[in-house]
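Asks: Attaching a single structure in structure tokens format; questions to follow.
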2 protein chains.
Amino acid sequence: MRAGSSTSSIGKNVANRTGFRVVGTSVPRVDAVEKVTGRARYTGDIVLPGMLHGKVLRSPHPHARIRAIDARRAEQVPGVVAVLTRDDLKDIDPYYGPVVQDRPLLALDRVRYAGDPVAAVAAESEATAEQAASRILVEYEELPAAVGVAAALAPGAPRIHEGPHRAGEERLSVKPIPGTNICHHERLVRGDVERGFAEADLVVEDTFTFPMVYHYALEPHTVVAHWDKDALTVWASAQHPFLVRGELARIFRLPLARVRMIIPFVGGGFGSKSYTKIEPLVAALARKAGRPVRVAQSVSESMHTTRRHSVTCRIKTGVKRDGTLVAKACAIHLDTGAYADNGPQVANRAAQRVIGPYRIPHLQIDAYAVYTNSVPAGSFRSIGAPQSIWACESQMDIIAERLGIDPLALRLKNVLKRGELVRTGMKPLDGDISVGLRKTAEALGWRRRPGADGRGLGLACGFMNAGAFPVSIAIVRLHADGSATLLVGTTEIGQGARTVLSQIAAEELALPLSEVTVARGDTDAMPFDRSTGSSRSTTLMGLAVQRAAREVRDQLVKIGAKLLRAPTRAIEVRNGTLSAGRRKVMSYADVIAGHFGLPGGELVGRGYVRPPGGKPVNPVFWEIGIGGADVEVDRETGQLTIRRYVSAADVGKAINPRECEGQDEGAAMMGLGHTLFEAIRYEDDQIVNPNLIDYRVPLFTDLPEEFVALLVENGDGPGPYGAKGMGEGGIVGVSPAVANALARATGVRVRDLPLTPERVWRALRQSDGSKENHGDRLSSD
Amino acid sequence: MRAGSSTSSIGKNVANRTGFRVVGTSVPRVDAVEKVTGRARYTGDIVLPGMLHGKVLRSPHPHARIRAIDARRAEQVPGVVAVLTRDDLKDIDPYYGPVVQDRPLLALDRVRYAGDPVAAVAAESEATAEQAASRILVEYEELPAAVGVAAALAPGAPRIHEGPHRAGEERLSVKPIPGTNICHHERLVRGDVERGFAEADLVVEDTFTFPMVYHYALEPHTVVAHWDKDALTVWASAQHPFLVRGELARIFRLPLARVRMIIPFVGGGFGSKSYTKIEPLVAALARKAGRPVRVAQSVSESMHTTRRHSVTCRIKTGVKRDGTLVAKACAIHLDTGAYADNGPQVANRAAQRVIGPYRIPHLQIDAYAVYTNSVPAGSFRSIGAPQSIWACESQMDIIAERLGIDPLALRLKNVLKRGELVRTGMKPLDGDISVGLRKTAEALGWRRRPGADGRGLGLACGFMNAGAFPVSIAIVRLHADGSATLLVGTTEIGQGARTVLSQIAAEELALPLSEVTVARGDTDAMPFDRSTGSSRSTTLMGLAVQRAAREVRDQLVKIGAKLLRAPTRAIEVRNGTLSAGRRKVMSYADVIAGHFGLPGGELVGRGYVRPPGGKPVNPVFWEIGIGGADVEVDRETGQLTIRRYVSAADVGKAINPRECEGQDEGAAMMGLGHTLFEAIRYEDDQIVNPNLIDYRVPLFTDLPEEFVALLVENGDGPGPYGAKGMGEGGIVGVSPAVANALARATGVRVRDLPLTPERVWRALRQSDGSKENHGDRLSSD
């Protein structure tokens with residue numbers, strides 16, 4: 001990240017294709033100045049006339065029945081306007097959830113984790129609301145709790161949900177296992193896994209664990225809700241405003257046209273603001289108060305709202321002596337917490353992603369999302385992937401070592417080729433992983449002898465079915481002076497969507513970037529977009545913007561041809577003008593004025609992206625992440641220092657190369673968090689580190705001395721100009737690459753994250769004590 | 001307005017055409033509850049983080065050179081953040097104006113009226129800003145002033161503008177008279193007026209005056225401005241947000257895409273919020289302060305911002321013995337105040353409208369907009385018409401009396417017929433005035449003998465070229481649940497536009513009205529609309545909404561046909577469903593879900609309204625206003641009591657009959673203001689009654705005992721379902737109808753407004769003193 005930062009492009013450089021002006025250029029972010037000058041307005045900056053402040057009373061118990069709630073003492077506190085309890089939810093549908101609607105906006109009969117919202121207070125000040133909330137008397141009947149997957153799956157474990165629950169909007173077929181706390185069981189089978197193991201020369205079996213982690217977006221969840229008679233306006237830091245709108249409309253029985261989501265600047269998402277979080281609770285509180293209400297959560301409250309799934313992954317792989325993979329069996333248990341949220345989809349993705357980008361004829365993967373009495377887990381950058389690829393790619397190195405094959409060679413031997421079928425019914429592989437692997441190894445200096453200087457090199461790769469459901473719609477408006485405004489429902493969460501979408505529109509409309517503006521997020525104005533997540537916006541919304549801009553351009557050309565008295569095919573569009581030969585030139589402004597008869601009017605274009613026949617190709621694209629780490633191990637302290645980190649991202653076409661690098665670096669550095677430091681710690685049934693002091697995130701001093709971002713640009717993505725999404729791939733390789741480097745430096749294999757100095761030091765000591773311990777368990781099965 | 005209120009429809013009743021569900025129905029206003037419960041948010045309710053409050057320092061002199069401005073003592077007041085003076089305008093283009101750009105946002109070298117903004121202060125509170133403003137030292141060099149048209153036209157009068165000025169957006173060809181204070185001279189000539197007078201049997205000449213009046217919208221001008229780097233957001237109570245956007249973009253040298261106008265609820269406009277008013281000043285103040293600024297004017301400040309033109313109208317008419325009009329010559333002087341604003345267009349309209357809806361072969365009309373050192377005059381409901389129709393229609397009764405012809409008969413003899421050419425290059429008359437006149441007379445009980453009981457009946461009519469420039473664009477969005485949102489740039493100023501546009505969309509989309517929402521006004525989201533004024537929104541934006549809704553419907557039908565496996569022509573659209581026979585029925589929601597493959601997505605339709613070839617037919621439609629008054633005169637006090645008032649409006653098709661009646665009543669009652677009470681009074685060079693105590697507006701107790709609204713519905717308008725605009729016609733007939741009634745009751749003709757008890761009493765006394773005084777001057781010219 002310091003002096004040594006560098007980037008290189010590999011593959012056919014589409015950026016040099018004649019004619020690109022704005023696309024492929026590292027223009028500064030269109031929102032940079034607003035953000036660095038502090039002018040950017042976030043939801044927490046919204047002030048409405050008569051606005052109240054809300055605070056939520058949360059359960060201290062992990063599992064309890066609510067016998068009674070007495071809010072009278074709270075209501076008597078001066079300055080309190082409303083106290084919301086389960087009694088206020090009788091005329092609405094209080095349940096929500098993206099996959100199964102299992103979560104009430106306030107606890108009804110039961111609380112299911114320590115932190116579960118039980119009541120909420122709206123008052124003139126936050127302090128008053130907090131004080132009043134503490135005066136609400138709740139009579140609990142404590143129930144046996146199951147914190148952690150082991151407890152939840154133990155015989156006789158308390159049942160956390162009785163079910164069945166209604167399905168949510170995500171069309172995953174949810175398969176709970178009746179009579180258990182298993183919320184969803186995902187099974188993938190190919191070939192005959194037992195036959196595969198029988199044919200294998202070596203069978204390796206390992207169990208890896210991945211901790212609960214928190215997204216730690218700088219902005220905790222913040223929502224302002226305001227009712228106008230039977231119309232609801234919600235300001236929220238929401239990644240999926242249209243899905244939240246849908247849930248609010250259903251909950252409060254309103255037409256979609258009467259629910260308005262406004263998305264100001266968002267201080268980071270990373271999945272923590274996917275789907276619906278506290279919006280229904282705040283809307284219900286404002287409804288009762290009859291005044292606007294703002295709830296601005298603290299970090300601790302947000303850490304009690306959502307997190308990443310902790311995972312235990314048992315993985316057994318059969319391999320031929322020459323390194324050919326023949327069979328793989330996995331059992332993945334994901335701690336999905338008290339409510340399903342996106343857990344079933346995370347389990348689905350973990351199951352798919354644990355396979356790795358390899359050709360394996362025999363498979364049996366079982367992934368279980370398990371309800372527990374802890375904070376609900378949901379989406380988090382590259383859902384299910386860091387956990388499963390941690391296991392898969394650590395084990396690849398274990399296999400390589402056991403077979404005496406170079407880990408890079410082992411991967412190259414088995415990796416899927418471009419165009420190869422990944423799984424029946426899915427899109428064939430649309431990228432070239434082997435090229436990326438080779439380039440990453442090369443940038444890492446792979447030929448260097450490992451372990452010589454207390455340093456080791458490690459590699460890892462993964463690929464993810466990405467893009468989510470492909471429905472995005474954009475409107476592009478060309479104004480009378482030739483400047484343009486985009487109406488897009490994509491949430492700018494720091495990923496640079498506004499910049500990239502502006503570049504696409506500027507390119508298509510032949511305008512300078514400064515003439516293009518993206519209107520603020522507002523579902524009353526922006527057309528539908530499925531979501532901001534799954535690396536989908538550049539690809540899908542980018543395509544919608546491209547189409548909308550082209551529709552505008554087509555109108556412009558048609559009008560211009562008439563005004564210039566030339567056939568449309570003779571019209572050239574360049575730099576804000578139309579021309580038909582050297583003498584016939586008109587600015588866009590003149591064309592529009594000529595059409596409308598005054599210096600006003602505008603042209604409106606629409607871009608629809610949808611799956612043909614309503615049936616999407618899955619995935620929209622394969623997102624490939626490749627990581628390489630050069631790690632130095634301090635054997636005295638167990639401290640790992642990342643000397644160099646190489647990350648390769650197959651972006652198809654980098655619309656804005658610097659932003660792509662930034663995304664890739666950001667993803668890798670986020671991966672460094674769960675690799676080296678981060679873990680939400682439960683003691684008994686409470687989180688003991690819900691703050692920045694006790695929950696350790698990477699500091700600037702933890703960053704690699706050198707970071708190399710490789711952008712693979714083959715123009716082979718389904719997005720505009722061959723782009724595909726990125727920004728999630730960078731996170732998946734970090735843990736296995738670092739652990740593989742540690743193993744290659746020291747011979748010590750650690751299977752649990754994070755790789756804290758203490759854990760590494762203990763592993764090193766244990767290894768020093770018994771040199772014959774390979775760090776892996778050989779299975780003869 | 002009380003018990004006797006009644007409405008009847010005449011003409012072919014299109015409302016009964018089979019199939020109308022929502023159109024033609026008096027549904028309650030869609031914003032009624034928000035308004036009556038106080039939940040509606042106006043610009044003055046906007047609070048932004050860090051927002052400052054602005055106050056304007058105004059000139060005490062009607063005309064002076066500014067020698068120096070010293071703001072230091074103001075800047076030192078604690079809480080003051082910025083003081084804006086002419087020194088801060090050097091990097092921008094400070095001039096604006098719709099017809100000529102003659103007005104700087106702050107006085108530069110000179111002040112031109114008492115009240116002209118000289119400096120502005122932004123401070124933490126309004127009180128601080130006001131206190132600081134009073135500390136700004138301005139050194140003036142007083143100049144001779146011309147308050148009133150007589151002073152401004154006197155030989156040797158001080159020149160108020162040196163000119164020439166750049167043209168504004170309104171494409172009126174401005175003709176100043178060099179070397180004078182005449183800002184614009186409008187001349188209309190037809191035939192040979194002198195020959196006409198020579199051929200006449202009777203020539204009548206009169207001079208009428210009409211006072212300066214103020215719109216008295218309940219909400220004075222209020223603006224909030226906020227800068228984000230090089231993007232400007234302005235919340236304003238603006239009727240023409242897109243025109244204001246254009247001026248702001250030009251002044252601050254920004255692309256249109258970087259200027260955002262947000263229009264919250266507006267507390268009445270009536271033309272006072274047409275075009276650009278204080279927006280540039282507030283934007284410049286916020287720019288200097290580096291923080292958002294709100295300026296909420298007082299009534300007095302707004303009365304020092306804009307007003308209606310006072311007019312002196314000399315009118316000479318030649319007529320045959322049988323009542324046939326042969327010639328008319330008019331000299332109309334309009335006091336346009338210190339800056340042109342819309343004055344030249346008002347003069348243009350006054351010239352056209354003074355002719356009346358009559359066939360007159362010989363014409364010469366001269367209208368002069370004259371700069372004076374008083375508050376600038378601009379648009380006001382039915383620009384130029386109340387003043388000129390007051391003169392024209394009063395004189396028609398004078399002629400009738402002189403010829404011994406019934407005033408109704410005189411009008412019917414001369415009135416233009418439907419389809420008759422009005423003037424070369426203009427649209428032929430598209431309504432039937434004679435039917436309206438007869439019905440009005442009938443509703444008034446015209447046959448009653450006048451004057452018998454101290455009561456008299458009076459009639460008047462007028463017709464106005466209305467609709468302004470015909471460019472309006474709408475977007476209609478059909479959401480996944482089948483509800484719809486309209487994006488329209490029309491400002492809801494109380495006229496009911498949101499309700500009527502919702503009805504049109506609901507009708508076209510076959511949805512209940514409750515499923516249709518109009519998004520809040522915001523130029524970042526709404527496509528271009530020329531303006532909200534000139535009775536244009538139902539006709540032009542209504543048409544745009546109809547087209548946009550039909551574009552959505554077409555998409556829906558096409559998709560539905562595919563999903564239902566039926567030809568598009570077999571698809572019936574009804575009540576939120578598509579069907580092809582009894583068995584094949586799908587809700588909109590199912591059609592959209594089938595198309596997009598998920599319960600999301602939406603369909604977007606656009607509606608463009610523009611003049612073909614960029615060249616509009618002028619006018620869009622003729623707005624006809626007919627009034628009839630039954631007036632009781634108290635000879636002791638001079639007080640007039642309106643027993644009954646009949647107003648007929650030719651609306652083509654009443655989309656919402658009750659709202660039409662409301663508009664018509666409102667217009668007539670507003671006319672009662674300038675007829676009976678209202679006048680801005682200048683003493684020396686200062687307004688002496690800039691407040692509700694001293695400026696008398698009609699009270700509820702002043703309203704007619706009975707109000708009859710006649711809606712003429714012939715389905716002959718250019719708008720949707722044959723609608724045409726209304727809401728301005730009702731104001732024009734009041735003054736002449738009342739004065740004509742007074743004359744018929746008492747024989748006394750008053751030519752000056754308002755008809756205050758004192759003025760009427762004096763006229764009655766004078767008449768008692770010299771019975772031979774007819775109240776009109778016979779000209780033998």
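Naming works like this for the structure tokens: A, B, ... for the chains as they're shown, residue 1 at the start of each chain, ligands 1 onward in shown order.
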Report as a tab-separated table: every residue of chain B with an atom at most 8 Å from chain A, its closest pair of atoms, and their distance in Å to one decimal, counting only C-alpha atoms, with rows sorted by chain and ascending residue number.
Replies:
```
residue	atom	partner	partner_atom	distance
B:Val33	CA	A:Lys229	CA	6.9
B:Glu34	CA	A:Asp228	CA	6.4
B:Arg39	CA	A:Asp228	CA	6.5
B:Ala40	CA	A:Asp228	CA	7.7
B:Asp45	CA	A:Pro49	CA	6.3
B:Ile46	CA	A:Leu48	CA	7.2
B:Val47	CA	A:Val47	CA	6.1
B:Leu48	CA	A:Val47	CA	6.4
B:Pro49	CA	A:Asp45	CA	6.3
B:Glu169	CA	A:Pro599	CA	7.2
B:Asp228	CA	A:Glu34	CA	6.3
B:Lys229	CA	A:Glu34	CA	6.4
B:Pro255	CA	A:Ser483	CA	6.0
B:Leu256	CA	A:Ser483	CA	6.3
B:Ala257	CA	A:Ser483	CA	5.6
B:Arg258	CA	A:Thr517	CA	6.7
B:Val471	CA	A:Gly601	CA	6.4
B:Ser472	CA	A:Gly601	CA	7.3
B:Ile473	CA	A:Gly601	CA	7.5
B:Arg477	CA	A:Pro527	CA	7.5
B:His479	CA	A:Leu256	CA	6.7
B:Ala480	CA	A:Leu256	CA	7.7
B:Asp481	CA	A:Leu256	CA	6.6
B:Ser483	CA	A:Ala257	CA	5.6
B:Ala484	CA	A:Ala257	CA	5.6
B:Thr485	CA	A:Ala257	CA	5.7
B:Leu487	CA	A:Ala525	CA	7.0
B:Glu515	CA	A:Pro255	CA	6.4
B:Val516	CA	A:Ala257	CA	6.7
B:Thr517	CA	A:Ala257	CA	5.9
B:Ala519	CA	A:Asp524	CA	5.8
B:Asp524	CA	A:Ala519	CA	5.8
B:Ala525	CA	A:Ala525	CA	5.3
B:Met526	CA	A:Ala525	CA	7.6
B:Pro527	CA	A:Glu602	CA	7.1
B:Phe528	CA	A:Gly601	CA	5.4
B:Asp529	CA	A:Gly601	CA	7.0
B:Arg530	CA	A:Gly600	CA	7.1
B:Ala593	CA	A:Gly614	CA	7.9
B:Gly594	CA	A:Gly614	CA	6.1
B:His595	CA	A:Gly614	CA	5.3
B:Phe596	CA	A:Gly614	CA	4.8
B:Gly597	CA	A:Gly614	CA	3.7
B:Leu598	CA	A:Gly614	CA	7.5
B:Pro599	CA	A:Glu169	CA	7.2
B:Gly600	CA	A:Arg530	CA	7.1
B:Gly601	CA	A:Phe528	CA	5.4
B:Glu602	CA	A:Phe528	CA	6.2
B:Val604	CA	A:Arg606	CA	7.4
B:Arg606	CA	A:Val604	CA	7.4
B:Arg610	CA	A:Phe596	CA	5.6
B:Pro611	CA	A:Phe596	CA	6.5
B:Gly613	CA	A:His595	CA	6.5
B:Gly614	CA	A:Gly597	CA	3.7
B:Lys615	CA	A:Gly597	CA	5.8
B:Pro616	CA	A:Gly597	CA	7.7
```
Asks: Could you give me, as a count of residues only, the residues within 6 Å of range 360-366 of chain A, counting only C-alpha atoms and dropping anything in the same chain fewer than 2 positions from it?
Replies: 17
Asks: Enumerate the residues of range 188-353 of chain A with a DSSP assignment of alpha helix (DSSP H), computed from the backbone, and present them as JSON, numbers by chain.
Replies: {"A": [193, 194, 195, 196, 197, 198, 199, 241, 242, 243, 244, 245, 246, 247, 248, 249, 250, 251, 279, 280, 281, 282, 283, 284, 285, 286, 287, 288, 289, 299, 300, 301, 302, 303, 343, 344, 345, 346, 347, 348, 349, 350, 351, 352, 353]}
Asks: Please list as a short mmCIF file (atom, residue, chain, number, x, y, z; two decimals) with all heavy atoms, in the first residue's frame every residue within 9 Å of range 97-104 of chain B, counting only C-alpha atoms and excluding residues in the same chain fewer than 5 positions away.
Replies:
```
data_model
loop_
_atom_site.label_atom_id
_atom_site.label_comp_id
_atom_site.auth_asym_id
_atom_site.auth_seq_id
_atom_site.Cartn_x
_atom_site.Cartn_y
_atom_site.Cartn_z
N HIS B 161 -33.64 52.81 -16.38
CA HIS B 161 -32.69 51.85 -16.94
C HIS B 161 -32.00 52.48 -18.13
O HIS B 161 -32.64 53.19 -18.92
CB HIS B 161 -33.39 50.56 -17.39
CG HIS B 161 -33.79 49.68 -16.26
ND1 HIS B 161 -32.99 48.71 -15.75
CD2 HIS B 161 -34.92 49.68 -15.50
CE1 HIS B 161 -33.59 48.11 -14.74
NE2 HIS B 161 -34.78 48.68 -14.56
N GLY B 163 -30.25 50.50 -20.31
CA GLY B 163 -30.42 49.52 -21.39
C GLY B 163 -29.26 49.56 -22.36
O GLY B 163 -28.33 50.35 -22.17
N PRO B 164 -29.25 48.80 -23.44
CA PRO B 164 -30.21 47.71 -23.64
C PRO B 164 -29.87 46.51 -22.76
O PRO B 164 -28.73 46.37 -22.34
CB PRO B 164 -30.04 47.38 -25.11
CG PRO B 164 -28.60 47.70 -25.41
CD PRO B 164 -28.23 48.83 -24.50
N HIS B 165 -30.85 45.68 -22.54
CA HIS B 165 -30.65 44.48 -21.73
C HIS B 165 -30.73 43.24 -22.60
O HIS B 165 -31.40 43.25 -23.63
CB HIS B 165 -31.72 44.39 -20.65
CG HIS B 165 -31.68 45.52 -19.68
ND1 HIS B 165 -30.65 45.69 -18.79
CD2 HIS B 165 -32.53 46.55 -19.47
CE1 HIS B 165 -30.87 46.77 -18.05
NE2 HIS B 165 -32.01 47.32 -18.45
N ARG B 166 -30.07 42.21 -22.14
CA ARG B 166 -30.17 40.93 -22.85
C ARG B 166 -31.59 40.40 -22.76
O ARG B 166 -32.28 40.61 -21.77
CB ARG B 166 -29.27 39.88 -22.18
CG ARG B 166 -27.82 39.93 -22.59
CD ARG B 166 -27.10 38.83 -21.85
NE ARG B 166 -27.60 38.76 -20.47
CZ ARG B 166 -26.88 38.35 -19.45
NH1 ARG B 166 -25.64 37.94 -19.62
NH2 ARG B 166 -27.38 38.32 -18.24
N ALA B 167 -31.98 39.62 -23.76
CA ALA B 167 -33.30 38.98 -23.74
C ALA B 167 -33.30 37.81 -22.76
O ALA B 167 -32.27 37.17 -22.55
CB ALA B 167 -33.67 38.49 -25.13
N GLY B 168 -34.45 37.55 -22.18
CA GLY B 168 -34.61 36.39 -21.31
C GLY B 168 -35.18 35.21 -22.08
O GLY B 168 -35.19 35.22 -23.32
N GLU B 169 -35.66 34.21 -21.34
CA GLU B 169 -36.12 32.97 -22.00
C GLU B 169 -37.43 33.13 -22.75
O GLU B 169 -37.69 32.44 -23.72
CB GLU B 169 -36.27 31.85 -20.98
CG GLU B 169 -34.96 31.15 -20.69
CD GLU B 169 -35.17 29.66 -20.39
OE1 GLU B 169 -36.17 29.08 -20.85
OE2 GLU B 169 -34.32 29.09 -19.71
N GLU B 170 -38.28 34.03 -22.27
CA GLU B 170 -39.56 34.22 -22.96
C GLU B 170 -39.28 34.91 -24.28
O GLU B 170 -38.66 35.97 -24.33
CB GLU B 170 -40.49 35.09 -22.10
CG GLU B 170 -41.04 34.37 -20.89
CD GLU B 170 -42.06 33.30 -21.24
OE1 GLU B 170 -42.42 33.15 -22.42
OE2 GLU B 170 -42.51 32.59 -20.31
N ARG B 171 -39.74 34.30 -25.36
CA ARG B 171 -39.33 34.79 -26.66
C ARG B 171 -40.19 35.91 -27.20
O ARG B 171 -40.57 35.92 -28.36
CB ARG B 171 -39.30 33.62 -27.64
CG ARG B 171 -38.26 32.62 -27.20
CD ARG B 171 -38.16 31.50 -28.18
NE ARG B 171 -36.83 30.92 -28.08
CZ ARG B 171 -36.37 30.02 -28.92
NH1 ARG B 171 -37.10 29.64 -29.93
NH2 ARG B 171 -35.17 29.52 -28.77
N LEU B 172 -40.52 36.83 -26.34
CA LEU B 172 -41.26 37.99 -26.79
C LEU B 172 -40.25 38.97 -27.36
O LEU B 172 -39.22 39.23 -26.76
CB LEU B 172 -41.98 38.60 -25.60
CG LEU B 172 -42.86 39.81 -25.92
CD1 LEU B 172 -44.16 39.38 -26.56
CD2 LEU B 172 -43.14 40.58 -24.64
N SER B 173 -40.57 39.52 -28.50
CA SER B 173 -39.68 40.52 -29.07
C SER B 173 -39.94 41.85 -28.35
O SER B 173 -40.99 42.46 -28.53
CB SER B 173 -39.96 40.63 -30.57
OG SER B 173 -39.30 41.76 -31.07
N VAL B 174 -39.02 42.25 -27.52
CA VAL B 174 -39.25 43.42 -26.67
C VAL B 174 -38.94 44.68 -27.44
O VAL B 174 -37.90 44.79 -28.10
CB VAL B 174 -38.38 43.34 -25.41
CG1 VAL B 174 -38.65 44.54 -24.52
CG2 VAL B 174 -38.67 42.06 -24.66
N LEU B 243 -37.70 26.93 -15.18
CA LEU B 243 -37.18 28.22 -15.64
C LEU B 243 -36.23 28.80 -14.59
O LEU B 243 -35.20 29.39 -14.94
CB LEU B 243 -38.33 29.18 -15.93
CG LEU B 243 -39.27 28.79 -17.09
CD1 LEU B 243 -40.21 29.94 -17.41
CD2 LEU B 243 -38.49 28.42 -18.33
N GLU B 247 -32.22 29.82 -14.99
CA GLU B 247 -31.59 31.10 -14.64
C GLU B 247 -30.45 30.86 -13.64
O GLU B 247 -29.38 31.47 -13.77
CB GLU B 247 -32.63 32.05 -14.04
CG GLU B 247 -33.71 32.45 -15.04
CD GLU B 247 -33.82 33.96 -15.24
OE1 GLU B 247 -32.84 34.57 -15.71
OE2 GLU B 247 -34.90 34.51 -14.92
N TYR B 275 -41.70 32.56 -12.56
CA TYR B 275 -40.33 32.96 -12.92
C TYR B 275 -39.45 33.04 -11.67
O TYR B 275 -39.75 32.46 -10.64
CB TYR B 275 -40.36 34.30 -13.69
CG TYR B 275 -41.22 34.23 -14.94
CD1 TYR B 275 -42.45 34.86 -14.99
CD2 TYR B 275 -40.80 33.50 -16.04
CE1 TYR B 275 -43.25 34.77 -16.12
CE2 TYR B 275 -41.60 33.40 -17.18
CZ TYR B 275 -42.82 34.05 -17.23
OH TYR B 275 -43.61 33.97 -18.33
N THR B 276 -38.35 33.75 -11.83
CA THR B 276 -37.33 33.78 -10.77
C THR B 276 -37.57 34.98 -9.87
O THR B 276 -37.76 36.09 -10.35
CB THR B 276 -35.95 33.87 -11.43
OG1 THR B 276 -35.81 32.74 -12.30
CG2 THR B 276 -34.85 33.84 -10.40
N LYS B 277 -37.58 34.76 -8.59
CA LYS B 277 -37.76 35.87 -7.67
C LYS B 277 -36.50 35.99 -6.80
O LYS B 277 -35.52 36.58 -7.25
CB LYS B 277 -39.03 35.68 -6.84
CG LYS B 277 -40.32 35.77 -7.69
CD LYS B 277 -40.59 37.19 -8.17
CE LYS B 277 -41.87 37.37 -8.97
NZ LYS B 277 -41.78 36.94 -10.36
N LEU B 281 -30.56 35.35 -5.22
CA LEU B 281 -30.01 36.05 -4.07
C LEU B 281 -29.69 35.06 -2.95
O LEU B 281 -28.60 35.09 -2.35
CB LEU B 281 -31.03 37.10 -3.59
CG LEU B 281 -30.75 37.81 -2.27
CD1 LEU B 281 -29.37 38.46 -2.27
CD2 LEU B 281 -31.82 38.89 -2.02
N ALA B 338 -39.78 48.83 -11.15
CA ALA B 338 -38.36 49.10 -11.32
C ALA B 338 -37.65 48.12 -12.24
O ALA B 338 -36.60 48.42 -12.79
CB ALA B 338 -37.68 49.10 -9.95
N TYR B 339 -38.18 46.92 -12.39
CA TYR B 339 -37.57 45.92 -13.27
C TYR B 339 -38.67 45.29 -14.11
O TYR B 339 -39.83 45.21 -13.68
CB TYR B 339 -36.80 44.87 -12.46
CG TYR B 339 -35.70 45.51 -11.64
CD1 TYR B 339 -35.88 45.73 -10.27
CD2 TYR B 339 -34.52 45.94 -12.24
CE1 TYR B 339 -34.90 46.37 -9.53
CE2 TYR B 339 -33.53 46.59 -11.50
CZ TYR B 339 -33.73 46.79 -10.15
OH TYR B 339 -32.76 47.44 -9.43
N ALA B 340 -38.30 44.82 -15.28
CA ALA B 340 -39.31 44.39 -16.25
C ALA B 340 -40.09 43.17 -15.78
O ALA B 340 -41.29 43.06 -16.01
CB ALA B 340 -38.66 44.09 -17.59
N ASP B 341 -39.39 42.21 -15.14
CA ASP B 341 -40.03 40.94 -14.78
C ASP B 341 -40.83 40.48 -15.99
O ASP B 341 -40.31 40.46 -17.11
CB ASP B 341 -40.88 41.08 -13.51
CG ASP B 341 -41.25 39.73 -12.88
OD1 ASP B 341 -41.93 38.93 -13.56
OD2 ASP B 341 -40.84 39.43 -11.75
N ASN B 342 -42.11 40.17 -15.80
CA ASN B 342 -42.90 39.71 -16.94
C ASN B 342 -43.69 40.85 -17.58
O ASN B 342 -44.58 40.60 -18.41
CB ASN B 342 -43.85 38.59 -16.47
CG ASN B 342 -44.32 37.72 -17.61
OD1 ASN B 342 -43.58 37.55 -18.58
ND2 ASN B 342 -45.52 37.18 -17.52
N GLY B 343 -43.37 42.07 -17.21
CA GLY B 343 -44.15 43.22 -17.67
C GLY B 343 -44.39 43.28 -19.17
O GLY B 343 -45.53 43.52 -19.60
N PRO B 344 -43.38 43.08 -20.00
CA PRO B 344 -43.64 43.16 -21.44
C PRO B 344 -44.70 42.16 -21.90
O PRO B 344 -45.53 42.48 -22.76
CB PRO B 344 -42.26 42.85 -22.05
CG PRO B 344 -41.30 43.36 -21.01
CD PRO B 344 -41.94 43.02 -19.70
N GLN B 345 -44.69 40.97 -21.31
CA GLN B 345 -45.73 40.01 -21.69
C GLN B 345 -47.09 40.43 -21.17
O GLN B 345 -48.11 40.20 -21.81
CB GLN B 345 -45.40 38.60 -21.18
CG GLN B 345 -44.29 37.95 -21.95
CD GLN B 345 -44.42 36.43 -21.94
OE1 GLN B 345 -44.68 35.82 -22.96
NE2 GLN B 345 -44.24 35.83 -20.78
#
```
Asks: Apply DSSP to the structure's backbone, then extract all residues of range 539-758 of chain B labelled strand (DSSP E) and return them as a ChimeraX atom specification.
Replies: /B:572-574,577-579,585-587,603-609,621-633,640-650,682-683,686-687,706-712
